[in-house]
Amino acid sequence: MTTTHRIHTPFGEESTAAEVIDGVDLTGKHAVVTGASAGLGAETARALASAGASVTLAVRNTDAGESTATDIRKATGNDAVQVGRLDLADKASITAFTRAWSGPLHILVNNAGVMALPTLERTPDGWELQFASNHLGHFALALGLHDALAAAGNARIVSLSSRGHHASPVEFDDINFTSRPYDPWLAYGQSKTANVLFAVGATSRWATDGITANAVHPGVIMSTNLSRYMDPEQAAQLRALEAAGEFGSIQGAPFRFKTIAQGAATSVLVATSPQLEGIGGHYFEDNNEAEKLTADAVGSAPGGAAPYALDPDAADRLWELSLAAVRG
């Protein structure tokens, strides 16, 4: 379902995950959060567990996941926090995870991701690794969990995108950088555009099954593992600005740094807010629906959704390409 006006909530850029979920009861609900052993994923899982949900941390490193799960159980008093192994760049791992799932799934948070890999890497199937991990892996996961999501009756998928999607649309003619020079940020950008297009495509296909999907930009948080591949000098400059409480800047557009608790808030809100029941195919930032930008504003605006990221034709094209990729 879509709306004709931008969705506004009582929360803003400084709201935390704990604040946006206050008063929400998730007792009897089941949630999966990918990349939940640390950072935004762990904070998202903690918030969902605090509201009574049974939460599965879907992670590559199960030892780290178990440590986080133990911390969440202690912090929330909710013992229904489990760990499942999931490597989003490995088809067999995704298949094993989805086949092992039983029962309904009410919330799927596609949180895991990699950013700005310095050199071109491809999967054994030939897909550029950021596109494969950030989009194709999550696409295959959602596809494999479709029946569980449908069984929930009113399931929600949260697809973590980024303001980085302004860097590039999905370049369908050369997704894998076979005929153009590899650029870490263009690769990241198109993968984040794909995350928004997935939300558009999933909602248009699955809303009749009671499944809606929305994309979110969590904000700029330097204290997570996502920044581990950034140029060290650039990362150090941003961390210095963050520590000084100053604004950062992307292409001249200023932004505030966020804490992990603030960064997880938009994911948690989109996953749980009663206000968003039945709403899908949108892009949110700072706990509200983002403005849809004009084409000439993309790249210079501090936020907002690029028009190509919400294009239903591009969403359809990506869906068919992704189906072929994960089933091939």
# chains A, B, ... in the order shown; residues from 1 in each chain; ligands from 1
$ closest_atom_pairs --of "range 18-131 of chain A" --to "range 285-292 of chain A" --cutoff "12 Å" --atoms "only C-alpha atoms" --output "Markdown table"
| residue | atom | partner | partner_atom | distance |
| --- | --- | --- | --- | --- |
| A:Glu19 | CA | A:Asn287 | CA | 11.1 |
| A:Val20 | CA | A:Asn287 | CA | 8.5 |
| A:Ile21 | CA | A:Asn287 | CA | 11.6 |
$ residues_around --residues "Gln275 in chain A" --least-positions-apart "6" --cutoff "10 Å" --atoms "only C-alpha atoms" --output "ChimeraX atom specification"
/A:7-9,269
$ write_last_selection --atoms "C-alpha atoms" --output "mmCIF file, in the first residue's frame"
data_model
loop_
_atom_site.group_PDB
_atom_site.id
_atom_site.type_symbol
_atom_site.label_atom_id
_atom_site.label_comp_id
_atom_site.auth_asym_id
_atom_site.auth_seq_id
_atom_site.Cartn_x
_atom_site.Cartn_y
_atom_site.Cartn_z
ATOM 1 C CA ILE A 7 4.162 10.136 6.542
ATOM 2 C CA HIS A 8 5.028 12.135 9.628
ATOM 3 C CA THR A 9 5.509 10.646 13.102
ATOM 4 C CA LEU A 269 9.985 2.544 14.178
#
$ atom_distance --atom1 "CA of Phe172 in chain A" --atom2 "CA of Leu318 in chain A"
8.2 Å
$ residues_around --residues "Ile94 in chain A" --least-positions-apart "5" --cutoff "12 Å" --atoms "only C-alpha atoms" --output "ChimeraX atom specification"
/A:34,58-60,84-89,99-101,133,136-145,326
$ residues_around --residues "His165 in chain A" --least-positions-apart "4" --cutoff "12 Å" --atoms "only C-alpha atoms" --output "short mmCIF file (atom, residue, chain, number, x, y, z; two decimals) with N, CA, C and O atoms, in the first residue's frame"
data_model
loop_
_atom_site.label_atom_id
_atom_site.label_comp_id
_atom_site.auth_asym_id
_atom_site.auth_seq_id
_atom_site.Cartn_x
_atom_site.Cartn_y
_atom_site.Cartn_z
N MET A 115 30.39 -1.80 3.16
CA MET A 115 30.45 -0.47 2.55
C MET A 115 31.83 -0.16 2.03
O MET A 115 32.83 -0.34 2.72
N LEU A 160 17.53 -1.89 5.09
CA LEU A 160 18.43 -0.78 5.40
C LEU A 160 19.15 -0.29 4.14
O LEU A 160 19.93 -1.02 3.54
N SER A 161 18.84 0.93 3.80
CA SER A 161 19.50 1.59 2.69
C SER A 161 20.45 2.63 3.27
O SER A 161 21.01 2.44 4.35
N PRO A 169 22.35 5.12 -9.32
CA PRO A 169 21.25 4.19 -9.52
C PRO A 169 21.82 2.79 -9.72
O PRO A 169 23.05 2.60 -9.73
N VAL A 170 20.96 1.80 -9.86
CA VAL A 170 21.44 0.48 -10.27
C VAL A 170 21.80 0.57 -11.74
O VAL A 170 20.96 0.88 -12.59
N TRP A 185 32.48 3.69 -3.92
CA TRP A 185 31.26 4.40 -3.52
C TRP A 185 30.15 4.27 -4.54
O TRP A 185 28.97 4.27 -4.17
N LEU A 186 30.49 4.13 -5.81
CA LEU A 186 29.46 3.86 -6.81
C LEU A 186 28.87 2.47 -6.58
O LEU A 186 27.65 2.26 -6.70
N ALA A 187 29.74 1.52 -6.26
CA ALA A 187 29.26 0.16 -5.99
C ALA A 187 28.36 0.13 -4.75
O ALA A 187 27.31 -0.52 -4.75
N TYR A 188 28.79 0.83 -3.71
CA TYR A 188 27.96 0.90 -2.51
C TYR A 188 26.65 1.61 -2.83
O TYR A 188 25.58 1.15 -2.41
N GLY A 189 26.72 2.71 -3.57
CA GLY A 189 25.53 3.48 -3.89
C GLY A 189 24.49 2.67 -4.63
O GLY A 189 23.29 2.72 -4.31
N GLN A 190 24.92 1.90 -5.64
CA GLN A 190 23.92 1.14 -6.38
C GLN A 190 23.33 0.01 -5.53
O GLN A 190 22.15 -0.33 -5.66
N SER A 191 24.12 -0.53 -4.61
CA SER A 191 23.57 -1.56 -3.72
C SER A 191 22.53 -0.97 -2.78
O SER A 191 21.52 -1.61 -2.45
N LYS A 192 22.74 0.27 -2.35
CA LYS A 192 21.78 0.92 -1.46
C LYS A 192 20.53 1.37 -2.23
O LYS A 192 19.42 1.38 -1.66
N THR A 193 20.69 1.75 -3.50
CA THR A 193 19.52 2.00 -4.33
C THR A 193 18.72 0.71 -4.48
O THR A 193 17.48 0.72 -4.41
N ALA A 194 19.42 -0.39 -4.67
CA ALA A 194 18.74 -1.69 -4.79
C ALA A 194 17.93 -2.01 -3.54
O ALA A 194 16.85 -2.60 -3.61
N ASN A 195 18.43 -1.61 -2.36
CA ASN A 195 17.69 -1.85 -1.12
C ASN A 195 16.36 -1.11 -1.09
O ASN A 195 15.37 -1.61 -0.54
N VAL A 196 16.32 0.09 -1.66
CA VAL A 196 15.06 0.83 -1.73
C VAL A 196 14.14 0.20 -2.77
O VAL A 196 12.94 -0.01 -2.52
N LEU A 197 14.69 -0.12 -3.93
CA LEU A 197 13.88 -0.73 -4.99
C LEU A 197 13.29 -2.06 -4.55
O LEU A 197 12.18 -2.43 -4.95
N ALA A 215 12.14 0.96 3.16
CA ALA A 215 13.58 1.16 3.27
C ALA A 215 13.87 2.30 4.24
O ALA A 215 13.05 3.22 4.38
N VAL A 216 15.04 2.25 4.87
CA VAL A 216 15.40 3.29 5.83
C VAL A 216 16.86 3.70 5.66
O VAL A 216 17.71 2.90 5.27
N HIS A 217 17.12 4.97 5.97
CA HIS A 217 18.48 5.48 6.12
C HIS A 217 18.69 5.70 7.61
O HIS A 217 18.01 6.53 8.22
N TYR A 283 10.54 5.21 1.71
CA TYR A 283 11.90 5.40 2.20
C TYR A 283 11.85 6.38 3.37
O TYR A 283 11.32 7.49 3.23
N VAL A 298 19.65 15.36 -6.38
CA VAL A 298 20.33 14.14 -5.93
C VAL A 298 21.83 14.40 -5.88
O VAL A 298 22.42 14.89 -6.84
N GLY A 299 22.45 14.05 -4.77
CA GLY A 299 23.89 14.23 -4.63
C GLY A 299 24.27 15.44 -3.83
O GLY A 299 25.34 15.47 -3.22
N ALA A 301 21.71 17.18 -1.80
CA ALA A 301 20.81 17.29 -0.66
C ALA A 301 21.32 16.44 0.50
O ALA A 301 21.89 15.36 0.28
N PRO A 302 21.12 16.88 1.74
CA PRO A 302 21.58 16.11 2.89
C PRO A 302 20.77 14.84 3.13
O PRO A 302 21.19 13.96 3.87
N GLY A 303 19.61 14.75 2.53
CA GLY A 303 18.78 13.56 2.69
C GLY A 303 17.81 13.47 1.54
O GLY A 303 18.00 14.07 0.48
N GLY A 304 16.77 12.67 1.75
CA GLY A 304 15.76 12.52 0.72
C GLY A 304 15.98 11.29 -0.15
O GLY A 304 17.05 10.68 -0.14
N ALA A 305 14.95 10.94 -0.89
CA ALA A 305 14.99 9.76 -1.75
C ALA A 305 15.19 10.17 -3.20
O ALA A 305 14.46 11.01 -3.73
N ALA A 306 16.18 9.59 -3.85
CA ALA A 306 16.40 9.83 -5.27
C ALA A 306 15.22 9.25 -6.05
O ALA A 306 14.74 8.16 -5.72
N PRO A 307 14.75 9.93 -7.08
CA PRO A 307 13.59 9.42 -7.82
C PRO A 307 13.82 8.04 -8.43
O PRO A 307 12.90 7.23 -8.49
N TYR A 308 15.06 7.76 -8.84
CA TYR A 308 15.32 6.44 -9.45
C TYR A 308 15.22 5.31 -8.43
O TYR A 308 15.03 4.15 -8.80
N ALA A 309 15.33 5.63 -7.13
CA ALA A 309 15.24 4.59 -6.10
C ALA A 309 13.81 4.18 -5.81
O ALA A 309 13.57 3.12 -5.22
N LEU A 310 12.84 5.00 -6.22
CA LEU A 310 11.42 4.70 -6.00
C LEU A 310 10.70 4.40 -7.32
O LEU A 310 9.47 4.31 -7.33
#
$ select_by_dssp --residues "range 74-210 of chain A" --states "strand (DSSP E)" --output "list in words"
Val81, Gln82, Val83, Gly84, Arg85, Ile107, Leu108, Val109, Asn110, Ala155, Arg156, Ile157, Val158, Ser159 and Leu160 of chain A
$ atom_distance --atom1 "CA of Gly12 in chain A" --atom2 "CA of Ala264 in chain A"
12.4 Å
$ select_by_dssp --residues "range 36-71 of chain A" --states "helix (DSSP H, G or I)" --output "ChimeraX atom specification"
/A:39-50,62-71
$ closest_residue --among "A:Leu149, A:Ala96, A:Ala324, A:Ala51" --to "Gly77 in chain A" --atoms "only C-alpha atoms"
A:Ala51
$ decode --residues "range 281-292 of chain A" --atoms "all heavy atoms" --output "PDB file, in the first residue's frame"
ATOM      1  N   GLY A 281       6.607   0.328   0.602  1.00  0.00           N
ATOM      2  CA  GLY A 281       7.138   0.942  -0.596  1.00  0.00           C
ATOM      3  C   GLY A 281       7.673   2.343  -0.400  1.00  0.00           C
ATOM      4  O   GLY A 281       7.795   3.094  -1.373  1.00  0.00           O
ATOM      5  N   HIS A 282       8.042   2.694   0.839  1.00  0.00           N
ATOM      6  CA  HIS A 282       8.511   4.039   1.134  1.00  0.00           C
ATOM      7  C   HIS A 282       9.953   4.021   1.654  1.00  0.00           C
ATOM      8  O   HIS A 282      10.491   2.973   2.016  1.00  0.00           O
ATOM      9  CB  HIS A 282       7.610   4.705   2.177  1.00  0.00           C
ATOM     10  CG  HIS A 282       6.205   4.912   1.715  1.00  0.00           C
ATOM     11  ND1 HIS A 282       5.787   6.068   1.101  1.00  0.00           N
ATOM     12  CD2 HIS A 282       5.116   4.097   1.775  1.00  0.00           C
ATOM     13  CE1 HIS A 282       4.495   5.964   0.795  1.00  0.00           C
ATOM     14  NE2 HIS A 282       4.075   4.777   1.192  1.00  0.00           N
ATOM     15  N   TYR A 283      10.539   5.205   1.713  1.00  0.00           N
ATOM     16  CA  TYR A 283      11.905   5.399   2.200  1.00  0.00           C
ATOM     17  C   TYR A 283      11.851   6.385   3.366  1.00  0.00           C
ATOM     18  O   TYR A 283      11.318   7.494   3.228  1.00  0.00           O
ATOM     19  CB  TYR A 283      12.771   5.939   1.066  1.00  0.00           C
ATOM     20  CG  TYR A 283      14.188   6.311   1.438  1.00  0.00           C
ATOM     21  CD1 TYR A 283      15.187   5.347   1.553  1.00  0.00           C
ATOM     22  CD2 TYR A 283      14.556   7.650   1.628  1.00  0.00           C
ATOM     23  CE1 TYR A 283      16.498   5.701   1.861  1.00  0.00           C
ATOM     24  CE2 TYR A 283      15.858   8.019   1.939  1.00  0.00           C
ATOM     25  CZ  TYR A 283      16.824   7.031   2.048  1.00  0.00           C
ATOM     26  OH  TYR A 283      18.120   7.384   2.347  1.00  0.00           O
ATOM     27  N   PHE A 284      12.393   5.966   4.510  1.00  0.00           N
ATOM     28  CA  PHE A 284      12.325   6.757   5.734  1.00  0.00           C
ATOM     29  C   PHE A 284      13.719   7.175   6.197  1.00  0.00           C
ATOM     30  O   PHE A 284      14.697   6.434   6.022  1.00  0.00           O
ATOM     31  CB  PHE A 284      11.669   5.946   6.857  1.00  0.00           C
ATOM     32  CG  PHE A 284      10.197   5.705   6.678  1.00  0.00           C
ATOM     33  CD1 PHE A 284       9.733   4.711   5.822  1.00  0.00           C
ATOM     34  CD2 PHE A 284       9.261   6.471   7.364  1.00  0.00           C
ATOM     35  CE1 PHE A 284       8.370   4.484   5.650  1.00  0.00           C
ATOM     36  CE2 PHE A 284       7.906   6.253   7.207  1.00  0.00           C
ATOM     37  CZ  PHE A 284       7.456   5.257   6.344  1.00  0.00           C
ATOM     38  N   GLU A 285      13.783   8.348   6.829  1.00  0.00           N
ATOM     39  CA  GLU A 285      14.999   8.804   7.498  1.00  0.00           C
ATOM     40  C   GLU A 285      14.581   9.686   8.672  1.00  0.00           C
ATOM     41  O   GLU A 285      13.512  10.309   8.638  1.00  0.00           O
ATOM     42  CB  GLU A 285      15.902   9.590   6.535  1.00  0.00           C
ATOM     43  CG  GLU A 285      15.251  10.822   5.953  1.00  0.00           C
ATOM     44  CD  GLU A 285      16.049  11.455   4.821  1.00  0.00           C
ATOM     45  OE1 GLU A 285      17.037  10.851   4.375  1.00  0.00           O
ATOM     46  OE2 GLU A 285      15.670  12.554   4.384  1.00  0.00           O
ATOM     47  N   ASP A 286      15.385   9.686   9.711  1.00  0.00           N
ATOM     48  CA  ASP A 286      15.064  10.485  10.909  1.00  0.00           C
ATOM     49  C   ASP A 286      13.652  10.218  11.411  1.00  0.00           C
ATOM     50  O   ASP A 286      12.941  11.127  11.851  1.00  0.00           O
ATOM     51  CB  ASP A 286      15.247  11.978  10.624  1.00  0.00           C
ATOM     52  CG  ASP A 286      16.687  12.345  10.307  1.00  0.00           C
ATOM     53  OD1 ASP A 286      17.594  11.625  10.774  1.00  0.00           O
ATOM     54  OD2 ASP A 286      16.901  13.342   9.579  1.00  0.00           O
ATOM     55  N   ASN A 287      13.206   8.966  11.298  1.00  0.00           N
ATOM     56  CA  ASN A 287      11.923   8.504  11.832  1.00  0.00           C
ATOM     57  C   ASN A 287      10.700   9.085  11.128  1.00  0.00           C
ATOM     58  O   ASN A 287       9.593   9.077  11.676  1.00  0.00           O
ATOM     59  CB  ASN A 287      11.844   8.774  13.342  1.00  0.00           C
ATOM     60  CG  ASN A 287      12.864   7.975  14.101  1.00  0.00           C
ATOM     61  OD1 ASN A 287      12.822   6.750  14.106  1.00  0.00           O
ATOM     62  ND2 ASN A 287      13.824   8.659  14.720  1.00  0.00           N
ATOM     63  N   ASN A 288      10.896   9.557   9.917  1.00  0.00           N
ATOM     64  CA  ASN A 288       9.792  10.063   9.109  1.00  0.00           C
ATOM     65  C   ASN A 288      10.044   9.703   7.640  1.00  0.00           C
ATOM     66  O   ASN A 288      11.190   9.444   7.244  1.00  0.00           O
ATOM     67  CB  ASN A 288       9.654  11.576   9.260  1.00  0.00           C
ATOM     68  CG  ASN A 288       9.131  11.977  10.624  1.00  0.00           C
ATOM     69  OD1 ASN A 288       7.939  11.918  10.884  1.00  0.00           O
ATOM     70  ND2 ASN A 288      10.040  12.369  11.520  1.00  0.00           N
ATOM     71  N   GLU A 289       8.979   9.716   6.862  1.00  0.00           N
ATOM     72  CA  GLU A 289       9.172   9.460   5.444  1.00  0.00           C
ATOM     73  C   GLU A 289       9.992  10.583   4.827  1.00  0.00           C
ATOM     74  O   GLU A 289       9.767  11.764   5.093  1.00  0.00           O
ATOM     75  CB  GLU A 289       7.830   9.341   4.720  1.00  0.00           C
ATOM     76  CG  GLU A 289       7.990   8.982   3.254  1.00  0.00           C
ATOM     77  CD  GLU A 289       6.681   8.895   2.496  1.00  0.00           C
ATOM     78  OE1 GLU A 289       5.610   9.101   3.123  1.00  0.00           O
ATOM     79  OE2 GLU A 289       6.724   8.643   1.280  1.00  0.00           O
ATOM     80  N   ALA A 290      10.954  10.217   4.001  1.00  0.00           N
ATOM     81  CA  ALA A 290      11.840  11.194   3.385  1.00  0.00           C
ATOM     82  C   ALA A 290      11.168  11.886   2.202  1.00  0.00           C
ATOM     83  O   ALA A 290      10.268  11.337   1.559  1.00  0.00           O
ATOM     84  CB  ALA A 290      13.123  10.516   2.910  1.00  0.00           C
ATOM     85  N   GLU A 291      11.651  13.061   1.921  1.00  0.00           N
ATOM     86  CA  GLU A 291      11.199  13.795   0.746  1.00  0.00           C
ATOM     87  C   GLU A 291      11.680  13.084  -0.520  1.00  0.00           C
ATOM     88  O   GLU A 291      12.812  12.586  -0.571  1.00  0.00           O
ATOM     89  CB  GLU A 291      11.777  15.206   0.778  1.00  0.00           C
ATOM     90  CG  GLU A 291      11.477  16.048  -0.444  1.00  0.00           C
ATOM     91  CD  GLU A 291      12.210  17.370  -0.454  1.00  0.00           C
ATOM     92  OE1 GLU A 291      13.011  17.611   0.482  1.00  0.00           O
ATOM     93  OE2 GLU A 291      11.989  18.161  -1.388  1.00  0.00           O
ATOM     94  N   LYS A 292      10.836  13.035  -1.542  1.00  0.00           N
ATOM     95  CA  LYS A 292      11.268  12.531  -2.842  1.00  0.00           C
ATOM     96  C   LYS A 292      11.903  13.687  -3.598  1.00  0.00           C
ATOM     97  O   LYS A 292      11.264  14.688  -3.893  1.00  0.00           O
ATOM     98  CB  LYS A 292      10.098  11.952  -3.635  1.00  0.00           C
ATOM     99  CG  LYS A 292      10.536  11.325  -4.953  1.00  0.00           C
ATOM    100  CD  LYS A 292       9.384  10.659  -5.681  1.00  0.00           C
ATOM    101  CE  LYS A 292       9.849  10.039  -6.995  1.00  0.00           C
ATOM    102  NZ  LYS A 292       8.727   9.368  -7.717  1.00  0.00           N
TER     103      LYS A 292
END
